[in-house]
$ cat work14.cif   # mmCIF, C-alpha atoms
data_query
#
loop_
_atom_site.label_atom_id
_atom_site.label_comp_id
_atom_site.auth_asym_id
_atom_site.auth_seq_id
_atom_site.Cartn_x
_atom_site.Cartn_y
_atom_site.Cartn_z
CA MET A 1 87.95 81.49 112.10
CA SER A 2 86.42 84.07 109.80
CA GLU A 3 88.58 87.07 109.02
CA THR A 4 87.66 90.68 108.56
CA VAL A 5 90.33 92.42 106.49
CA LEU A 6 90.81 96.18 106.21
CA VAL A 7 92.54 97.47 103.08
CA VAL A 8 94.13 100.88 103.64
CA GLY A 9 94.47 102.98 100.48
CA GLY A 10 92.42 103.88 97.43
CA GLY A 11 94.64 103.42 94.36
CA GLY A 12 95.00 100.82 91.64
CA ARG A 13 97.31 98.77 93.82
CA GLU A 14 94.71 98.61 96.57
CA HIS A 15 91.97 97.72 94.07
CA ALA A 16 94.15 94.77 92.99
CA ILE A 17 94.67 93.74 96.62
CA ALA A 18 90.95 94.02 97.31
CA ARG A 19 90.09 91.93 94.26
CA ALA A 20 92.56 89.23 95.32
CA LEU A 21 91.01 89.14 98.80
CA ALA A 22 87.45 89.24 97.46
CA ASP A 23 88.03 85.76 96.08
CA THR A 24 88.75 84.42 99.59
CA GLU A 25 86.66 83.79 102.71
CA ALA A 26 87.49 87.26 104.07
CA THR A 27 84.95 89.98 104.78
CA LEU A 28 86.46 93.08 103.24
CA TYR A 29 86.45 96.69 104.38
CA ALA A 30 88.47 99.61 103.05
CA CYS A 31 89.41 103.19 103.82
CA ALA A 32 91.11 105.87 101.72
CA THR A 33 91.24 109.60 101.16
CA ASN A 34 89.31 109.11 97.90
CA ARG A 35 86.32 106.89 97.24
CA ASN A 36 87.58 104.29 94.78
CA PRO A 37 84.47 102.80 93.10
CA GLY A 38 86.19 99.51 92.29
CA ILE A 39 87.18 98.89 95.90
CA ALA A 40 83.85 100.14 97.25
CA GLY A 41 82.05 97.67 94.99
CA LEU A 42 83.97 94.77 96.52
CA ALA A 43 83.90 95.84 100.17
CA ALA A 44 81.23 95.46 102.83
CA GLY A 45 82.06 99.00 103.90
CA PHE A 46 84.19 101.92 102.73
CA ALA A 47 85.25 104.95 104.77
CA THR A 48 86.71 108.16 103.38
CA LEU A 49 89.34 109.40 105.82
CA ASP A 50 92.92 110.63 106.11
CA THR A 51 94.94 107.41 105.93
CA THR A 52 98.05 109.19 107.24
CA THR A 53 96.26 109.78 110.56
CA PRO A 54 96.80 106.55 112.52
CA GLN A 55 94.01 107.28 115.01
CA ALA A 56 91.46 107.61 112.20
CA VAL A 57 92.47 104.31 110.60
CA VAL A 58 92.47 102.51 113.95
CA ALA A 59 89.05 103.89 114.84
CA TYR A 60 87.58 102.55 111.61
CA ALA A 61 89.36 99.20 112.01
CA GLU A 62 87.85 98.85 115.48
CA GLU A 63 84.43 99.95 114.25
CA VAL A 64 84.28 97.17 111.64
CA GLY A 65 85.98 94.55 113.84
CA ALA A 66 89.01 94.09 111.59
CA THR A 67 91.24 91.15 112.46
CA LEU A 68 93.81 91.88 109.73
CA ALA A 69 94.85 94.92 107.73
CA VAL A 70 96.83 95.44 104.54
CA VAL A 71 98.46 98.86 104.31
CA GLY A 72 98.86 99.68 100.63
CA PRO A 73 100.58 103.07 100.14
CA GLU A 74 103.89 104.24 101.54
CA THR A 75 102.63 107.43 103.20
CA PRO A 76 100.49 105.66 105.85
CA LEU A 77 103.45 103.36 106.58
CA GLU A 78 105.68 106.39 107.12
CA ALA A 79 103.01 107.91 109.37
CA GLY A 80 103.00 104.84 111.63
CA VAL A 81 99.62 103.37 110.68
CA ALA A 82 100.96 99.81 110.94
CA ASP A 83 102.35 100.58 114.41
CA ALA A 84 99.02 101.97 115.58
CA LEU A 85 97.03 99.03 114.20
CA ALA A 86 99.35 96.56 115.93
CA ASP A 87 99.00 98.45 119.23
CA ALA A 88 95.21 98.20 118.82
CA GLY A 89 95.35 94.43 118.30
CA VAL A 90 94.78 94.48 114.54
CA PHE A 91 97.53 92.59 112.70
CA PRO A 92 99.00 94.78 109.94
CA PHE A 93 100.54 93.20 106.86
CA GLY A 94 102.90 96.08 106.35
CA PRO A 95 106.07 97.19 108.14
CA HIS A 96 106.19 99.45 111.14
CA ALA A 97 107.41 102.98 110.46
CA ASP A 98 110.98 102.24 111.51
CA ALA A 99 111.25 99.25 109.16
CA ALA A 100 109.54 101.20 106.37
CA ARG A 101 112.51 103.58 106.38
CA ILE A 102 114.03 101.17 103.87
CA GLU A 103 111.75 103.06 101.45
CA THR A 104 110.81 106.32 103.11
CA ASP A 105 114.40 107.49 103.75
CA LYS A 106 116.67 106.89 100.75
CA ALA A 107 119.74 108.10 102.62
CA TYR A 108 119.06 105.54 105.35
CA GLN A 109 118.41 102.91 102.67
CA ARG A 110 121.84 103.37 101.09
CA ARG A 111 123.64 103.47 104.45
CA PHE A 112 121.77 100.34 105.49
CA MET A 113 122.94 98.51 102.38
CA ARG A 114 126.53 99.62 102.92
CA GLU A 115 126.52 98.76 106.63
CA HIS A 116 125.14 95.27 106.03
CA ASP A 117 127.12 94.55 102.86
CA VAL A 118 123.96 94.05 100.81
CA PRO A 119 125.12 93.44 97.24
CA GLY A 120 124.08 95.64 94.34
CA CYS A 121 124.56 99.00 96.08
CA PRO A 122 125.86 101.78 93.80
CA THR A 123 128.44 104.28 95.01
CA PHE A 124 126.72 107.22 96.68
CA GLU A 125 127.01 110.22 98.98
CA THR A 126 124.34 111.97 101.05
CA PHE A 127 124.04 115.72 101.62
CA ASP A 128 122.02 118.07 103.81
CA ASP A 129 123.74 121.12 102.30
CA MET A 130 122.66 121.76 98.71
CA GLU A 131 125.76 123.82 97.89
CA ARG A 132 127.98 120.93 98.95
CA ALA A 133 125.86 118.66 96.76
CA CYS A 134 126.36 121.02 93.82
CA ALA A 135 130.12 121.04 94.43
CA TYR A 136 130.07 117.22 94.39
CA ILE A 137 128.40 117.32 90.97
CA ASP A 138 131.15 119.65 89.72
CA ASP A 139 133.91 117.39 91.05
CA HIS A 140 132.42 114.03 90.06
CA ASP A 141 133.73 112.27 86.98
CA GLY A 142 130.65 110.67 85.42
CA ASP A 143 126.88 111.00 85.44
CA LEU A 144 124.94 111.03 88.70
CA VAL A 145 121.40 110.40 89.86
CA VAL A 146 119.85 113.06 92.13
CA LYS A 147 117.41 111.63 94.68
CA PRO A 148 115.54 113.45 97.42
CA ALA A 149 115.90 111.41 100.60
CA GLY A 150 112.17 111.48 101.37
CA LEU A 151 109.05 110.38 99.54
CA THR A 152 108.18 112.13 96.28
CA GLY A 153 105.65 109.76 94.71
CA GLY A 154 108.17 108.55 92.15
CA LYS A 155 108.54 112.04 90.68
CA GLY A 156 111.58 113.54 92.44
CA VAL A 157 114.51 111.79 90.76
CA ARG A 158 116.64 113.55 88.14
CA VAL A 159 119.21 111.68 86.05
CA ILE A 160 122.21 113.63 84.75
CA GLY A 161 123.07 112.63 81.21
CA ASP A 162 119.51 111.50 80.53
CA GLN A 163 116.93 113.93 81.90
CA VAL A 164 119.07 116.91 82.88
CA THR A 165 122.50 118.46 82.40
CA PRO A 166 124.83 119.00 85.39
CA GLU A 167 123.87 122.68 85.44
CA GLU A 168 120.17 121.82 85.39
CA ALA A 169 120.70 119.33 88.22
CA LYS A 170 122.37 122.00 90.34
CA GLU A 171 119.56 124.45 89.59
CA TYR A 172 117.04 121.75 90.61
CA LEU A 173 118.84 121.29 93.94
CA ARG A 174 119.09 125.00 94.66
CA ASP A 175 115.44 125.63 93.81
CA SER A 176 114.20 122.67 95.86
CA ALA A 177 113.11 122.65 99.47
CA TYR A 178 114.73 119.29 100.15
CA ASP A 179 116.40 118.80 103.53
CA ARG A 180 118.56 115.90 102.34
CA VAL A 181 119.51 114.39 99.01
CA VAL A 182 121.37 111.34 97.79
CA LEU A 183 123.75 111.59 94.84
CA GLU A 184 124.70 108.23 93.39
CA GLU A 185 126.30 106.75 90.31
CA ARG A 186 124.08 106.47 87.27
CA LEU A 187 123.39 102.83 86.46
CA VAL A 188 123.03 101.84 82.82
CA GLY A 189 120.87 98.89 81.84
CA GLU A 190 117.25 97.79 82.01
CA GLU A 191 115.07 98.32 85.08
CA PHE A 192 112.89 95.61 86.58
CA THR A 193 111.24 94.90 89.91
CA VAL A 194 110.86 91.81 92.07
CA GLN A 195 108.26 91.95 94.84
CA ALA A 196 108.39 89.69 97.88
CA LEU A 197 105.84 88.81 100.56
CA VAL A 198 107.74 88.64 103.83
CA ALA A 199 106.95 87.45 107.36
CA ASN A 200 108.45 85.27 110.08
CA GLY A 201 111.77 85.21 108.24
CA ASP A 202 110.20 83.77 105.07
CA VAL A 203 110.59 85.46 101.68
CA ARG A 204 108.16 84.54 98.89
CA THR A 205 108.97 86.26 95.61
CA THR A 206 106.82 87.08 92.59
CA PRO A 207 107.61 87.24 88.84
CA ALA A 208 109.76 90.10 87.57
CA VAL A 209 107.95 93.15 86.19
CA GLN A 210 109.16 96.10 84.12
CA ASP A 211 107.53 99.42 85.00
CA HIS A 212 107.62 102.50 82.75
CA LYS A 213 108.11 105.71 84.72
CA ARG A 214 108.47 108.24 81.94
CA ALA A 215 105.30 110.08 80.97
CA TYR A 216 105.40 109.75 77.20
CA GLU A 217 105.98 107.10 74.59
CA GLY A 218 109.57 106.30 73.74
CA ASP A 219 110.57 106.90 77.39
CA GLU A 220 110.29 110.66 76.99
CA GLY A 221 109.10 113.27 79.45
CA PRO A 222 109.16 113.59 83.24
CA ASN A 223 109.02 110.73 85.72
CA THR A 224 105.61 109.61 86.94
CA GLY A 225 104.31 107.16 89.51
CA GLY A 226 104.29 104.60 86.67
CA MET A 227 102.45 104.68 83.34
CA GLY A 228 102.21 100.90 83.03
CA SER A 229 104.13 97.66 83.16
CA TYR A 230 104.42 94.14 81.81
CA SER A 231 105.46 90.67 82.95
CA ASP A 232 106.12 87.45 81.06
CA SER A 233 104.67 83.96 81.47
CA GLY A 234 107.68 82.87 83.54
CA LEU A 235 109.61 84.46 86.39
CA GLU A 236 111.99 86.41 84.14
CA LEU A 237 111.44 89.13 81.57
CA PRO A 238 112.50 88.65 77.92
CA PHE A 239 115.75 90.61 78.40
CA MET A 240 116.71 88.56 81.48
CA ILE A 241 118.20 85.14 82.11
CA ASP A 242 117.47 82.89 85.07
CA GLU A 243 120.71 83.94 86.74
CA ASP A 244 119.60 87.60 86.70
CA TYR A 245 116.33 86.79 88.45
CA ARG A 246 118.02 84.58 91.04
CA ALA A 247 120.61 87.28 91.76
CA ALA A 248 117.83 89.83 92.37
CA VAL A 249 115.98 87.41 94.67
CA GLY A 250 119.23 86.85 96.56
CA ILE A 251 119.58 90.60 97.15
CA VAL A 252 116.01 90.78 98.49
CA GLU A 253 116.68 87.79 100.77
CA GLU A 254 119.90 89.32 102.13
CA THR A 255 118.07 92.59 102.79
CA VAL A 256 115.28 90.83 104.68
CA ALA A 257 117.87 88.91 106.72
CA ALA A 258 119.47 92.21 107.74
CA LEU A 259 116.14 93.79 108.69
CA ASP A 260 114.68 93.19 112.15
CA ASP A 261 111.59 90.95 111.88
CA TYR A 262 110.26 92.61 108.72
CA THR A 263 106.60 91.95 107.85
CA GLY A 264 104.78 92.96 104.67
CA VAL A 265 105.91 93.44 101.09
CA LEU A 266 109.47 94.35 100.21
CA TYR A 267 110.04 95.13 96.61
CA GLY A 268 113.38 95.67 94.99
CA GLN A 269 113.66 97.91 91.98
CA PHE A 270 116.73 96.82 90.08
CA MET A 271 118.83 97.95 87.16
CA LEU A 272 120.08 94.99 85.18
CA THR A 273 123.57 96.07 84.15
CA ALA A 274 126.28 94.25 82.24
CA ASP A 275 127.57 93.19 85.68
CA GLY A 276 124.21 91.90 86.93
CA PRO A 277 121.41 93.48 88.99
CA LYS A 278 122.06 96.66 90.98
CA VAL A 279 119.58 98.19 93.43
CA VAL A 280 117.83 101.34 92.27
CA GLU A 281 115.71 101.41 95.43
CA PHE A 282 113.61 99.35 97.81
CA ASN A 283 109.92 99.89 98.46
CA ALA A 284 108.10 98.72 101.57
CA ARG A 285 104.80 97.78 99.90
CA PHE A 286 103.34 96.35 96.70
CA GLY A 287 104.35 98.26 93.62
CA ASP A 288 101.86 100.33 91.69
CA PRO A 289 101.39 99.25 88.89
CA GLU A 290 103.39 96.05 89.58
CA ALA A 291 100.74 94.65 91.94
CA MET A 292 98.36 94.66 89.00
CA ASN A 293 100.71 92.39 87.07
CA THR A 294 101.37 89.86 89.82
CA LEU A 295 98.15 89.58 91.83
CA PRO A 296 95.90 88.69 88.85
CA VAL A 297 98.08 85.62 88.15
CA LEU A 298 98.58 84.61 91.80
CA ASP A 299 96.94 81.20 92.28
CA THR A 300 97.77 81.04 96.01
CA ASP A 301 95.07 82.29 98.37
CA LEU A 302 96.29 85.74 99.47
CA LEU A 303 94.35 85.46 102.73
CA SER A 304 96.37 82.36 103.62
CA VAL A 305 99.54 84.47 103.38
CA LEU A 306 98.11 87.09 105.73
CA THR A 307 96.92 84.61 108.34
CA ALA A 308 100.21 82.68 108.27
CA ALA A 309 102.09 85.95 108.80
CA ARG A 310 99.91 86.82 111.77
CA ASP A 311 99.97 83.37 113.34
CA GLY A 312 103.75 82.97 113.11
CA ASP A 313 103.49 80.11 110.61
CA SER A 314 105.63 79.50 107.57
CA LEU A 315 104.30 81.42 104.60
CA PRO A 316 102.77 79.25 101.88
CA ASP A 317 104.69 78.90 98.64
CA LEU A 318 103.37 81.22 95.97
CA ASP A 319 102.02 79.65 92.79
CA PHE A 320 101.52 81.77 89.69
CA ALA A 321 99.63 80.95 86.52
CA PRO A 322 102.06 80.82 83.56
CA ARG A 323 100.55 83.90 81.94
CA ALA A 324 101.96 87.17 80.65
CA THR A 325 100.43 90.49 81.71
CA VAL A 326 100.39 94.04 80.37
CA CYS A 327 99.11 97.01 82.37
CA LYS A 328 98.44 100.47 80.92
CA TYR A 329 97.27 103.45 82.93
CA ALA A 330 94.89 106.16 81.73
CA VAL A 331 95.96 109.42 83.36
CA PRO A 332 94.57 112.97 83.44
CA GLU A 333 95.76 115.36 80.76
CA GLY A 334 98.81 117.22 82.02
CA TYR A 335 99.91 114.44 84.39
CA PRO A 336 102.32 114.49 86.20
CA THR A 337 103.33 118.16 86.13
CA ASP A 338 99.93 119.86 85.79
CA PRO A 339 97.18 117.23 85.91
CA ASP A 340 93.59 118.13 85.08
CA ALA A 341 92.08 117.34 88.48
CA GLY A 342 88.36 117.38 89.15
CA ALA A 343 87.35 116.42 85.61
CA LYS A 344 84.39 114.08 85.25
CA ILE A 345 85.21 110.93 83.28
CA GLN A 346 83.12 108.17 81.75
CA VAL A 347 84.37 104.57 81.97
CA ASP A 348 82.26 101.85 80.35
CA GLU A 349 82.91 98.92 82.70
CA GLY A 350 80.55 96.73 80.68
CA VAL A 351 83.16 96.63 77.92
CA VAL A 352 85.40 94.47 80.12
CA GLU A 353 82.66 91.90 80.67
CA THR A 354 81.75 91.88 76.97
CA ILE A 355 85.34 91.41 75.85
CA ASN A 356 85.97 88.66 78.39
CA GLN A 357 82.83 86.84 77.27
CA ARG A 358 84.08 87.01 73.71
CA PHE A 359 87.47 85.63 74.72
CA ALA A 360 85.82 82.82 76.66
CA ALA A 361 83.89 81.94 73.50
CA GLY A 362 87.19 81.55 71.65
CA ALA A 363 87.82 84.88 69.95
CA ASP A 364 91.03 86.89 70.13
CA ALA A 365 91.42 90.67 70.16
CA GLY A 366 90.61 90.80 66.46
CA GLY A 367 87.45 88.74 66.79
CA SER A 368 88.81 85.51 65.28
CA ALA A 369 89.75 82.20 66.90
CA ALA A 370 91.92 82.52 70.00
CA ALA A 371 95.58 82.69 69.00
CA ASP A 372 97.15 81.71 72.31
CA GLY A 373 96.40 78.03 71.97
CA GLY A 374 95.98 77.95 75.74
CA THR A 375 93.70 79.43 78.38
CA SER A 376 91.49 82.23 77.11
CA PRO A 377 92.89 85.75 77.51
CA ARG A 378 91.13 88.12 79.87
CA VAL A 379 91.18 91.78 80.81
CA GLU A 380 90.66 93.51 84.13
CA LEU A 381 89.98 97.13 84.99
CA TYR A 382 91.38 98.72 88.13
CA TYR A 383 90.32 102.13 89.36
CA ALA A 384 93.09 104.23 90.87
CA SER A 385 93.20 107.84 92.07
CA VAL A 386 89.67 108.81 91.17
CA ASP A 387 86.87 109.99 93.41
CA GLU A 388 83.36 108.59 93.13
CA ARG A 389 80.69 111.18 93.87
CA ASP A 390 76.92 111.09 93.69
CA ASP A 391 76.92 112.24 90.08
CA GLY A 392 79.85 110.24 88.73
CA ILE A 393 83.59 109.61 88.79
CA TYR A 394 86.13 112.45 88.87
CA THR A 395 89.88 112.65 88.36
CA THR A 396 92.29 113.65 91.12
CA THR A 397 95.90 114.74 90.63
CA SER A 398 97.17 111.25 89.83
CA ARG A 399 96.42 108.22 87.65
CA ALA A 400 92.76 107.48 86.90
CA PHE A 401 92.41 103.80 86.01
CA ALA A 402 94.36 100.90 84.57
CA VAL A 403 93.52 98.07 82.23
CA VAL A 404 95.43 94.80 82.58
CA GLY A 405 95.56 92.09 79.96
CA VAL A 406 96.33 88.49 80.94
CA ALA A 407 97.29 86.07 78.18
CA ASP A 408 99.78 83.40 77.19
CA THR A 409 102.03 85.98 75.52
CA ILE A 410 102.96 89.60 76.11
CA GLU A 411 101.91 90.39 72.55
CA THR A 412 98.36 89.13 73.05
CA ALA A 413 98.04 90.76 76.47
CA GLU A 414 99.10 94.11 74.99
CA ALA A 415 96.64 93.86 72.11
CA ILE A 416 93.64 93.20 74.33
CA VAL A 417 94.54 96.05 76.67
CA ASP A 418 94.56 98.53 73.79
CA GLU A 419 91.26 97.18 72.49
CA THR A 420 89.67 97.50 75.91
CA LEU A 421 90.95 101.04 76.45
CA THR A 422 89.56 102.06 73.07
CA GLU A 423 86.12 100.62 73.79
CA ALA A 424 85.93 101.62 77.49
CA GLY A 425 86.70 105.25 76.68
CA THR A 426 89.60 107.52 77.57
CA GLU A 427 88.20 110.95 76.69
CA GLY A 428 90.10 113.61 78.64
CA LEU A 429 92.74 111.05 79.58
CA ARG A 430 96.08 109.99 78.13
CA VAL A 431 97.58 106.52 77.71
CA ARG A 432 101.14 105.47 76.96
CA HIS A 433 100.31 102.98 74.22
CA ASP A 434 103.83 101.64 73.58
CA ILE A 435 104.01 99.68 76.84
CA GLY A 436 104.21 95.95 76.16
CA THR A 437 104.41 96.30 72.39
CA ALA A 438 106.65 93.93 70.47
CA ALA A 439 108.84 96.82 69.33
CA LEU A 440 109.41 98.09 72.86
CA VAL A 441 110.10 94.65 74.33
CA GLU A 442 112.53 93.81 71.52
CA SER A 443 114.35 97.11 72.08
CA ARG A 444 114.92 96.06 75.70
CA VAL A 445 116.33 92.71 74.59
CA GLU A 446 118.63 94.37 72.06
CA HIS A 447 119.82 96.90 74.65
CA MET A 448 120.85 94.17 77.09
CA ASP A 449 122.51 92.17 74.31
CA GLU A 450 124.58 95.23 73.43
CA LEU A 451 125.58 95.88 77.05
CA ARG A 452 126.59 92.28 77.63
CA ALA A 453 128.67 92.27 74.44
CA GLU A 454 130.71 95.34 75.48
#
$ encode --input "work14.cif" --output "C-alpha cells"
Amino acid sequence: MSETVLVVGGGGREHAIARALADTEATLYACATNRNPGIAGLAAGFATLDTTTPQAVVAYAEEVGATLAVVGPETPLEAGVADALADAGVFPFGPHADAARIETDKAYQRRFMREHDVPGCPTFETFDDMERACAYIDDHDGDLVVKPAGLTGGKGVRVIGDQVTPEEAKEYLRDSAYDRVVLEERLVGEEFTVQALVANGDVRTTPAVQDHKRAYEGDEGPNTGGMGSYSDSGLELPFMIDEDYRAAVGIVEETVAALDDYTGVLYGQFMLTADGPKVVEFNARFGDPEAMNTLPVLDTDLLSVLTAARDGDSLPDLDFAPRATVCKYAVPEGYPTDPDAGAKIQVDEGVVETINQRFAAGADAGGSAAADGGTSPRVELYYASVDERDDGIYTTTSRAFAVVGVADTIETAEAIVDETLTEAGTEGLRVRHDIGTAALVESRVEHMDELRAE
C-alpha cells in the first residue's frame, strides 16, 4: 500500500523529518505557518496555515488524502491536532493532547514522575501564587531552577546561581504573567538528550545528543530554543559511559510504561550528575536541533516505523550509521530577546553540493586527502523558521537555518560545518561557532571527571 504522509510544522526539525521520509516510498505533503523552502522542495504540496488550529490541519490532510501524519512541534500537540487527525481517520505519529502534557505542563510532568516513582526526578514544588513562590526561594537552602509550567519555546527557564540571583529570580516571577511555576533543585553536571520512537508499547532509542541552549559562545547569554548540538559515532557522548546511557534509556522506558498507550516521540533531557542521570524535562516530539543529529544517521526506513505504529506491529529496531554529527544554527541578529525578523537573507545552497562532491572525491575540509579513513564526510543544510516569498527568503523571530556535518569524528564534523557556513553565507545572522569544537568537548569531559572525583 502506498502511503501519503503529512508533515506538520515548518522548522529545522520538520525539514529533517521530511528529508528522512523523502528517501522512502511515501508521497510527502506538509503544512506550517511559514513556508519552509527546504520542506517545500521535497513535498508534493505545501500549505501555509495555522498548525494550532486542528480543523485547518485536518482539512488539508483530507484534501491531499493523507494516510499518516507526523506532528513536529509541541504547540500543535498541545492544541489537539493529533486527536483531530485520529478522529478524521488519519493516523498521527504524535501523542494526543492529554499524553503530550508530559511536555506541555511541567507541573504535571513532575507530579507524574513522583506518582509513578520514575527515577531521576529532582525535588520540586509547584506554585500558582507568585508571592508564595518568592517566599519558597527565600526559605530554600540551595540554588533553584525556576520553570514556567507551560510552553515557552525553551526560553522561560531561569537558574539561580548561574543565570540569576535569588532577588532577580523573584523579580522575574513578580513581573511575569505565569499562572503556575515549578521550583526545583538545581542539578549540576552535563546535559544530554535521548530521543525514543514509541508505539504499541515498544521503545526504540537513538544516540545521545548534547544541545547548547545558551545564546553565546562559552555558554553565555540567555536561553534559546537551541543554538546547535553534537553526537558521537556511538550511542554515548565523550563525557558519558555506557552505564549512563543505559540508565537514561531505562528512565525513558519506565516513563513510557507509566503512560497510557503513548505514540510518537518521547525525548528525555537529562543532567548527568555525579549520581547518574537526572531528568531535566521530557518532550513529546523530536528535539530541535537533536532531530538533525539523529535522523541523518538513521539507516532504518522511517516510514517503516510509522506504518508499524499505525498497524499495531512491533516497531523495527533502529540502526544508525557509526558517524559523529555536529549541528550549528544560524540565527537572526538579536535572537532570542530581540530578533531581527523580516530581514532578507541569502543562502548559497550550491555550496553544500560542491563541498559534498569534494568530500566524495577524497578531500577533507582543508582540501587534502580525507582524514577520517572511513566513509566520506558530508554536510546537510536544513531550513528552519524562515519564510519563502516570491522575491526570496526572510527571517522570522526564530532560528533561520542549520548546517549539519556527518563524519567519523566530532572534530571532522565540526570543521566541515564551519567551512560550509562560511561559504554558504551568514550575513545578518549569528552562529555559535564553539559547538562541537575539541576545546568545548574536552571541557565537558573534564567537568564530568571532576564531578565524579568529588
$ residues_around --input "work14.cif" --residues "A:Ala40" --least-positions-apart "6" --cutoff "10 Å" --atoms "all atoms listed in the file" --output "PyMOL selection string"
chain A and resi 10+15+18+28-31+46-47+388
$ residues_around --input "work14.cif" --residues "stretch 126-132 of chain A" --least-positions-apart "5" --cutoff "9 Å" --atoms "all atoms listed in the file" --output "MDAnalysis selection string"
chainID A and resid 107 110 137 149 170 173:174 176 178:184
$ residues_around --input "work14.cif" --residues "A:Leu295" --least-positions-apart "6" --cutoff "8 Å" --atoms "all atoms listed in the file" --output "number ranges by chain"
A: 16-17, 20
$ closest_atom_pairs --input "work14.cif" --of "stretch 252-352 of chain A" --to "stretch 202-218 of chain A" --cutoff "7 Å" --atoms "all atoms listed in the file" --output "Markdown table"
| residue | atom | partner | partner_atom | distance |
| --- | --- | --- | --- | --- |
| A:Glu253 | CA | A:Val203 | CA | 6.6 |
| A:Glu290 | CA | A:Val209 | CA | 6.4 |
| A:Thr294 | CA | A:Thr206 | CA | 6.7 |
| A:Ser314 | CA | A:Asp202 | CA | 6.7 |
| A:Leu315 | CA | A:Asp202 | CA | 6.4 |
| A:Asp317 | CA | A:Arg204 | CA | 6.6 |
| A:Leu318 | CA | A:Arg204 | CA | 6.5 |
$ write_last_selection --input "work14.cif" --atoms "C-alpha atoms" --output "mmCIF file, in the frame of the given file"
data_model
loop_
_atom_site.group_PDB
_atom_site.id
_atom_site.type_symbol
_atom_site.label_atom_id
_atom_site.label_comp_id
_atom_site.auth_asym_id
_atom_site.auth_seq_id
_atom_site.Cartn_x
_atom_site.Cartn_y
_atom_site.Cartn_z
ATOM 1 C CA GLU A 253 116.680 87.790 100.770
ATOM 2 C CA GLU A 290 103.390 96.050 89.580
ATOM 3 C CA THR A 294 101.370 89.860 89.820
ATOM 4 C CA SER A 314 105.630 79.500 107.570
ATOM 5 C CA LEU A 315 104.300 81.420 104.600
ATOM 6 C CA ASP A 317 104.690 78.900 98.640
ATOM 7 C CA LEU A 318 103.370 81.220 95.970
#
$ atom_distance --input "work14.cif" --atom1 "atom CA of A:Glu74" --atom2 "atom CA of A:Arg285"
6.7 Å
$ resolve_selection --input "work14.cif" --expression "the PyMOL selection byres ((chain A and resi 325-331) around 8)" --output "ChimeraX atom specification"
/A:227-233,289,292-293,323-324,332-333,335,398-407,409-410,413-414,417,426,429-433,435-436
$ closest_residue --input "work14.cif" --among "A:Thr395, A:Gln109, A:Ser385, A:Ser443" --to "A:Gly38" --atoms "all atoms listed in the file"
A:Ser385
$ residues_around --input "work14.cif" --residues "A:Leu259" --least-positions-apart "4" --cutoff "12 Å" --atoms "all atoms listed in the file" --output "PyMOL selection string"
chain A and resi 95-96+98-102+109+112-113+115-116+118+198-201+252-255+263+266+284
$ atom_distance --input "work14.cif" --atom1 "atom CA of A:Glu62" --atom2 "atom CA of A:Ala79"
18.7 Å
$ atom_distance --input "work14.cif" --atom1 "atom CA of A:Gly11" --atom2 "atom CA of A:Asp348"
18.8 Å
$ closest_residue --input "work14.cif" --among "A:Asp390, A:Glu78, A:Glu191, A:Asp301" --to "A:Thr24" --atoms "only C-alpha atoms"
A:Asp301
$ closest_residue --input "work14.cif" --among "A:Val71, A:Ala177, A:Val265, A:Leu144" --to "A:Gly161" --atoms "all atoms listed in the file"
A:Leu144
